[in-house]
Amino acid sequence: MPAPILATKLHIPPPRPRVVPRPRLIERLDAGLDGKLVLISAAAGFGKTTLLGEWVATLTPGPSHAERGERFKVAWLSLDAGDSDPVRFMTYLVAALQTAASGVGSGVLAALQALQPPSPEALLTALLGDLAAVPHDLLLVLDDYHAVESPDVDQAVAFLLEYLPPQMQLVIATREDPPLPLARLRARGQLTELRAADLRFTPAEATQFLNTVMGLNLSEAEVDALEARTEGWIAGLHLAALSMQGRTDTAAFVAAFSGSHRFVLDYLVEEVLQRQPAGVQDFLLRTAILDRLCGRLCDAVTQDASAAGQATLAHLERTNLFVVPLDNERRWYRYHHLFGELLRQRLHQRMPAGAVADLHIRASVWFEANDLEMEAFQHAAAAGDIDRAERLLEGRGMPLLFRGGARPILGWLGSLPAATLDAHPSLWVTYASALLFIQQVAGVEEKLRAAEAALAGVPLPLGDRTRDLMGHMASIRATVAVTQQDSEAILVQSQRALDYLHPRNLPVRTAATWSLGYAHYLRGDRAAAGRAYSEAVAASQAMGHFIIQIMATLGLASIQEGDTLLAPAAETYRRVLELAGDPPLPVACGAHLGLARISYQWNDLAAAGQHGQQGLHLARQIPGTDRAVMCELFLARLKLAQGDLAGAATLLATAGQQARRHSFAALQLPELAALETLLALRQSQTAAASEAARREDIPLSRVRVELARGDAASALSTATAWRQQAEFRGWADERLKAMILQTLAHQAQGDNERAGTLLAEALALAEPGGFMRAFVDEGQPMAQLVAAAADRGIMPDYTARLLAAFPAQQPKRRDGAATPAAQPLIEPLSERELEVLQLIAEGLSNHEIGERLFLALDTVKGHNRRIFDKLQVQRRTEAVARAREVGLI
């Protein structure tokens, strides 16, 4: 459930009715539209936001801007400290852009709602793609950039700047220079800068401000004195003018006026506050705790029945008392940042800590009642009300942690002493869960053990809350075990979680149900896994817990795939991609990998490669998981099918390193060994193939090795035993693989009749799913069996498609030897040259070819020279490419 967007942060401040025109600065800003970045950098109170509001107003259609205004749109984002969270920053960035370009970044917004969003670079790349298609000029204003303290956000803005579309410009207003590549932009002429020296009022502007805007009647000398002593600082002049309103001794005030900005501001705020009615002073101080204000919120905080909050806010705006409207309806306001900071300073000086905490509690109550639970939690935390903050963290049906609040919650938890956490064990559990959310798995168990220690003294029988807490801890441990592929731990902890969790704790129960399904799947109990996944999908859909919905849907798709229901599985995987958004969440790597496997079986190798690469790209965005290894193993299989043995070997070596380094043993090492067996057999390295098959005890790999050794009887026995186990456990995919190898074993024994019967059964099982590579990968022996089936009229359409998919093979003589194929060459290759060429294509060295064919090294080199001459090439790679082109291999 995403946090609500505060529309007030996207509000473009309208020009003030009484403002000093600044045409010299507007011209500078207009000139900046030819570059990439306009930077307005100065301390507080120099009128940065006011100037931007005035400038933006000139960019709308009008007599002097008609041509530009027809196509120019402005997006505005007022930043605050909360935007240091990269997910929140990206969310508001897209929301701001959508005010100027409808629909831009919709996929990015969807992706940001995930527990594990894509990398910032992936999100920004997708966003820039949308922005490049915007047909009009676009100006993005980031106001108060200094409020953000996040290297991740700085890097995101730098990336945005680097690849900004030509019709778009960025404007940043800040109190300090941001850590962006300003020097490079300056050197390229792509940076326009306005600084304090530019923004300060000139004597003429100061005169107009003090006498016309503020209604004073100061002499030129008095204006010059104030301008000199404030150094043209607009906020200082404004506060001075407020202090002088109603005075008759303005000359004496000006003469006594001196000091640094900080001293001057402190003095003038005291002067301003002292001149306000007591009720207004009290209102300003009590509401200073609020980042944004509306009438009803202020009423709740001040609890002053004598003055309506909305009327007081309107009065403050009319009297220029440093409030800024945040919407056109004048419902929401904020204090000028500097003014608000000083009000809060004086609040803490004048009110005891307990009274300030009461104000925060009142704000928290109001925000909770108005369904703004994150702000309610933040004020409860500021008040030091641990019980209330703890309760608010739980949310209403969906914990705040599940709504993108991990980092602010971690910040608060990290500020609490251990004794406080011990007194509230649920906070230790939330701490562990938050660490898991940001993938800091290493620290999770420490927090859980602290929670257990805090609960050690709870008397029996356990109450519902304590049991629920213990269930939550078990669910967290189950999720950690998922990252380690530890099926036994996942099973035990998931079941414990479901035993202990309260029936109403649906978010955590749903997560535990999914992890239970995953444990069953790892253990081979697909029926139980399917039931758990289906339950998790239904529950997650009902409550909007869409990350669990994605994971459980992926599980169902993998079960469909294992049941040989390839078309339904493909549809389910595509459903996952729809849920994952565009750009997709990293978890979508599983859907791409599933579609890659299915495309491979359908013999669409191009689509298989595309999905495999997309899956690998996304998987690499999820650190500490086995998904990248799974994608690399698939791509290695694809390389084998394409005859690229060297490429397959490289991928297998990389995947093997990763799998062993991270102990990804449950699924990856057996698949790795199976592929290493296939590669070794393709290279006629039977001993290496035997070692790989033995290492992980893979029955079907042992069958292949036994067939390669000519031991058809052992191969048949092993394949038959595996088929019986697959049938007993309901594994349709493994049953099909075993039947295919049984067929080849009978063929190797010369029992073609039994081989044909078994092949017919395998074809009947495979045809509904459209399996192709399951047969084609077995090569020429299987092609002969399929051809024989076709001759007998068995499933003619299917066998015809299969025969068309087998690579062209050389015809056999009756004695079994290959005859030279017809060659479109001036001088055909001999039988021996064809043998050498085939081994070159398999990646064998000259020395290995000599050992394979019992030839001297010089003889092999001589064959190479003649092959190159006949093919009219210079090197091995060209020879292989030319041979494939003319159909020799």
# chains A, B, ... in the order shown; residues from 1 in each chain; ligands from 1
call {"tool": "residues_around", "arguments": {"residues": "range 6-11 of chain A", "least_positions_apart": "6", "cutoff": "12 Å", "atoms": "only C-alpha atoms", "output": "MDAnalysis selection string"}}
result
chainID A and resid 49 53 74:80 82:83 88:89 91:100 140:144 291:294 324:334 372 375
call {"tool": "select_by_dssp", "arguments": {"residues": "range 317-546 of chain A", "states": "strand (DSSP E or B)", "output": "PyMOL selection string"}}
result
chain A and resi 323-325+333-335
call {"tool": "write_last_selection", "arguments": {"atoms": "N, CA and C atoms", "output": "compact mmCIF listing (two decimals), in the first residue's frame"}}
result
# COMPACT_ATOMS: atom_id res chain seq x y z
N VAL A 323 4.34 32.94 6.32
CA VAL A 323 3.67 31.70 5.97
C VAL A 323 3.58 31.60 4.46
N VAL A 324 3.71 30.37 3.95
CA VAL A 324 3.72 30.14 2.51
C VAL A 324 2.55 29.23 2.18
N PRO A 325 1.64 29.65 1.29
CA PRO A 325 0.53 28.76 0.90
C PRO A 325 1.05 27.59 0.08
N TYR A 333 -0.64 25.39 4.53
CA TYR A 333 0.45 26.36 4.56
C TYR A 333 1.68 25.70 5.19
N ARG A 334 2.79 26.40 5.09
CA ARG A 334 3.97 26.07 5.88
C ARG A 334 4.61 27.38 6.30
N TYR A 335 5.40 27.33 7.35
CA TYR A 335 6.17 28.50 7.74
C TYR A 335 7.40 28.61 6.86
call {"tool": "select_by_dssp", "arguments": {"residues": "range 526-700 of chain A", "states": "helix (DSSP H, G or I)", "output": "PyMOL selection string"}}
result
chain A and resi 526-543+546-562+566-580+586-601+605-619+627-641+645-661+668-682+686-696+699-700
call {"tool": "residues_around", "arguments": {"residues": "Leu498 in chain A", "least_positions_apart": "3", "cutoff": "9 Å", "atoms": "only C-alpha atoms", "output": "list in words"}}
result
Gly471, His472, Ala474, Ser475, Gln493, Ser494, Gln495, Leu501, His502, Pro503, Val508, Arg509, Ala512 and Thr513 of chain A
call {"tool": "write_last_selection", "arguments": {"atoms": "all heavy atoms", "output": "mmCIF file, in the first residue's frame"}}
result
data_model
loop_
_atom_site.group_PDB
_atom_site.id
_atom_site.type_symbol
_atom_site.label_atom_id
_atom_site.label_comp_id
_atom_site.auth_asym_id
_atom_site.auth_seq_id
_atom_site.Cartn_x
_atom_site.Cartn_y
_atom_site.Cartn_z
ATOM 1 N N GLY A 471 5.388 -15.636 16.397
ATOM 2 C CA GLY A 471 5.093 -16.045 15.028
ATOM 3 C C GLY A 471 5.751 -15.138 14.008
ATOM 4 O O GLY A 471 6.248 -15.598 12.969
ATOM 5 N N HIS A 472 5.766 -13.840 14.306
ATOM 6 C CA HIS A 472 6.397 -12.885 13.394
ATOM 7 C C HIS A 472 7.897 -13.160 13.301
ATOM 8 O O HIS A 472 8.480 -13.130 12.205
ATOM 9 C CB HIS A 472 6.138 -11.457 13.883
ATOM 10 C CG HIS A 472 6.447 -10.412 12.859
ATOM 11 N ND1 HIS A 472 6.125 -9.094 13.019
ATOM 12 C CD2 HIS A 472 7.046 -10.490 11.647
ATOM 13 C CE1 HIS A 472 6.513 -8.406 11.963
ATOM 14 N NE2 HIS A 472 7.076 -9.237 11.116
ATOM 15 N N ALA A 474 9.353 -16.006 13.707
ATOM 16 C CA ALA A 474 9.527 -17.226 12.910
ATOM 17 C C ALA A 474 9.386 -16.937 11.429
ATOM 18 O O ALA A 474 10.125 -17.481 10.596
ATOM 19 C CB ALA A 474 8.506 -18.272 13.351
ATOM 20 N N SER A 475 8.459 -16.066 11.080
ATOM 21 C CA SER A 475 8.277 -15.710 9.670
ATOM 22 C C SER A 475 9.515 -15.010 9.126
ATOM 23 O O SER A 475 9.935 -15.250 7.985
ATOM 24 C CB SER A 475 7.049 -14.808 9.510
ATOM 25 O OG SER A 475 6.903 -14.417 8.163
ATOM 26 N N GLN A 493 10.248 -23.018 10.311
ATOM 27 C CA GLN A 493 9.937 -21.661 10.750
ATOM 28 C C GLN A 493 8.609 -21.169 10.175
ATOM 29 O O GLN A 493 7.851 -20.467 10.857
ATOM 30 C CB GLN A 493 11.070 -20.709 10.363
ATOM 31 C CG GLN A 493 12.397 -20.989 11.049
ATOM 32 C CD GLN A 493 12.336 -20.781 12.554
ATOM 33 O OE1 GLN A 493 11.440 -20.120 13.075
ATOM 34 N NE2 GLN A 493 13.289 -21.367 13.270
ATOM 35 N N SER A 494 8.292 -21.533 8.942
ATOM 36 C CA SER A 494 7.006 -21.127 8.356
ATOM 37 C C SER A 494 5.847 -21.750 9.113
ATOM 38 O O SER A 494 4.841 -21.090 9.406
ATOM 39 C CB SER A 494 6.942 -21.519 6.876
ATOM 40 O OG SER A 494 7.944 -20.874 6.133
ATOM 41 N N GLN A 495 5.969 -23.045 9.417
ATOM 42 C CA GLN A 495 4.898 -23.718 10.148
ATOM 43 C C GLN A 495 4.761 -23.162 11.558
ATOM 44 O O GLN A 495 3.649 -22.969 12.069
ATOM 45 C CB GLN A 495 5.171 -25.220 10.207
ATOM 46 C CG GLN A 495 3.972 -26.023 10.695
ATOM 47 C CD GLN A 495 2.756 -25.824 9.813
ATOM 48 O OE1 GLN A 495 2.757 -26.156 8.634
ATOM 49 N NE2 GLN A 495 1.690 -25.241 10.381
ATOM 50 N N LEU A 501 1.063 -17.065 14.824
ATOM 51 C CA LEU A 501 0.524 -15.773 14.401
ATOM 52 C C LEU A 501 -0.969 -15.675 14.660
ATOM 53 O O LEU A 501 -1.717 -16.646 14.496
ATOM 54 C CB LEU A 501 0.799 -15.543 12.905
ATOM 55 C CG LEU A 501 2.235 -15.170 12.529
ATOM 56 C CD1 LEU A 501 2.435 -15.327 11.033
ATOM 57 C CD2 LEU A 501 2.565 -13.739 12.964
ATOM 58 N N HIS A 502 -1.406 -14.479 15.038
ATOM 59 C CA HIS A 502 -2.831 -14.253 15.267
ATOM 60 C C HIS A 502 -3.581 -14.354 13.935
ATOM 61 O O HIS A 502 -3.069 -13.910 12.897
ATOM 62 C CB HIS A 502 -3.050 -12.871 15.887
ATOM 63 C CG HIS A 502 -4.421 -12.702 16.473
ATOM 64 N ND1 HIS A 502 -5.534 -12.433 15.703
ATOM 65 C CD2 HIS A 502 -4.856 -12.776 17.758
ATOM 66 C CE1 HIS A 502 -6.598 -12.344 16.484
ATOM 67 N NE2 HIS A 502 -6.216 -12.547 17.737
ATOM 68 N N PRO A 503 -4.788 -14.900 13.925
ATOM 69 C CA PRO A 503 -5.529 -15.028 12.660
ATOM 70 C C PRO A 503 -5.738 -13.700 11.941
ATOM 71 O O PRO A 503 -5.878 -13.671 10.721
ATOM 72 C CB PRO A 503 -6.874 -15.635 13.101
ATOM 73 C CG PRO A 503 -6.553 -16.362 14.371
ATOM 74 C CD PRO A 503 -5.483 -15.553 15.052
ATOM 75 N N VAL A 508 1.535 -10.790 7.687
ATOM 76 C CA VAL A 508 2.633 -11.703 8.030
ATOM 77 C C VAL A 508 2.219 -13.147 7.783
ATOM 78 O O VAL A 508 3.031 -13.978 7.333
ATOM 79 C CB VAL A 508 3.079 -11.484 9.483
ATOM 80 C CG1 VAL A 508 4.249 -12.408 9.834
ATOM 81 C CG2 VAL A 508 3.488 -10.030 9.703
ATOM 82 N N ARG A 509 0.960 -13.507 8.051
ATOM 83 C CA ARG A 509 0.505 -14.873 7.788
ATOM 84 C C ARG A 509 0.628 -15.195 6.296
ATOM 85 O O ARG A 509 1.013 -16.309 5.914
ATOM 86 C CB ARG A 509 -0.956 -15.052 8.241
ATOM 87 C CG ARG A 509 -1.160 -15.085 9.746
ATOM 88 C CD ARG A 509 -2.586 -15.536 10.079
ATOM 89 N NE ARG A 509 -2.791 -16.935 9.734
ATOM 90 C CZ ARG A 509 -2.487 -17.950 10.533
ATOM 91 N NH1 ARG A 509 -1.969 -17.725 11.726
ATOM 92 N NH2 ARG A 509 -2.711 -19.187 10.147
ATOM 93 N N ALA A 512 4.181 -15.904 5.492
ATOM 94 C CA ALA A 512 4.559 -17.223 6.000
ATOM 95 C C ALA A 512 3.959 -18.339 5.147
ATOM 96 O O ALA A 512 4.590 -19.387 4.944
ATOM 97 C CB ALA A 512 4.112 -17.371 7.452
ATOM 98 N N THR A 513 2.759 -18.130 4.638
ATOM 99 C CA THR A 513 2.140 -19.131 3.758
ATOM 100 C C THR A 513 2.946 -19.290 2.479
ATOM 101 O O THR A 513 3.171 -20.408 1.990
ATOM 102 C CB THR A 513 0.693 -18.729 3.437
ATOM 103 O OG1 THR A 513 -0.044 -18.610 4.655
ATOM 104 C CG2 THR A 513 0.028 -19.764 2.541
#
call {"tool": "residues_around", "arguments": {"residues": "Phe209 in chain A", "least_positions_apart": "3", "cutoff": "12 Å", "atoms": "only C-alpha atoms", "output": "PyMOL selection string"}}
result
chain A and resi 18-22+201-206+212-218+223+226-227+232-242
call {"tool": "atom_distance", "arguments": {"atom1": "CA of Ser119 in chain A", "atom2": "CA of Phe437 in chain A"}}
result
14.7 Å
call {"tool": "residues_around", "arguments": {"residues": "His746 in chain A", "least_positions_apart": "3", "cutoff": "12 Å", "atoms": "only C-alpha atoms", "output": "PyMOL selection string"}}
result
chain A and resi 707+710-717+719-720+739-743+749-759+781-782+785
call {"tool": "atom_distance", "arguments": {"atom1": "CA of Leu565 in chain A", "atom2": "CA of Gly769 in chain A"}}
result
5.5 Å
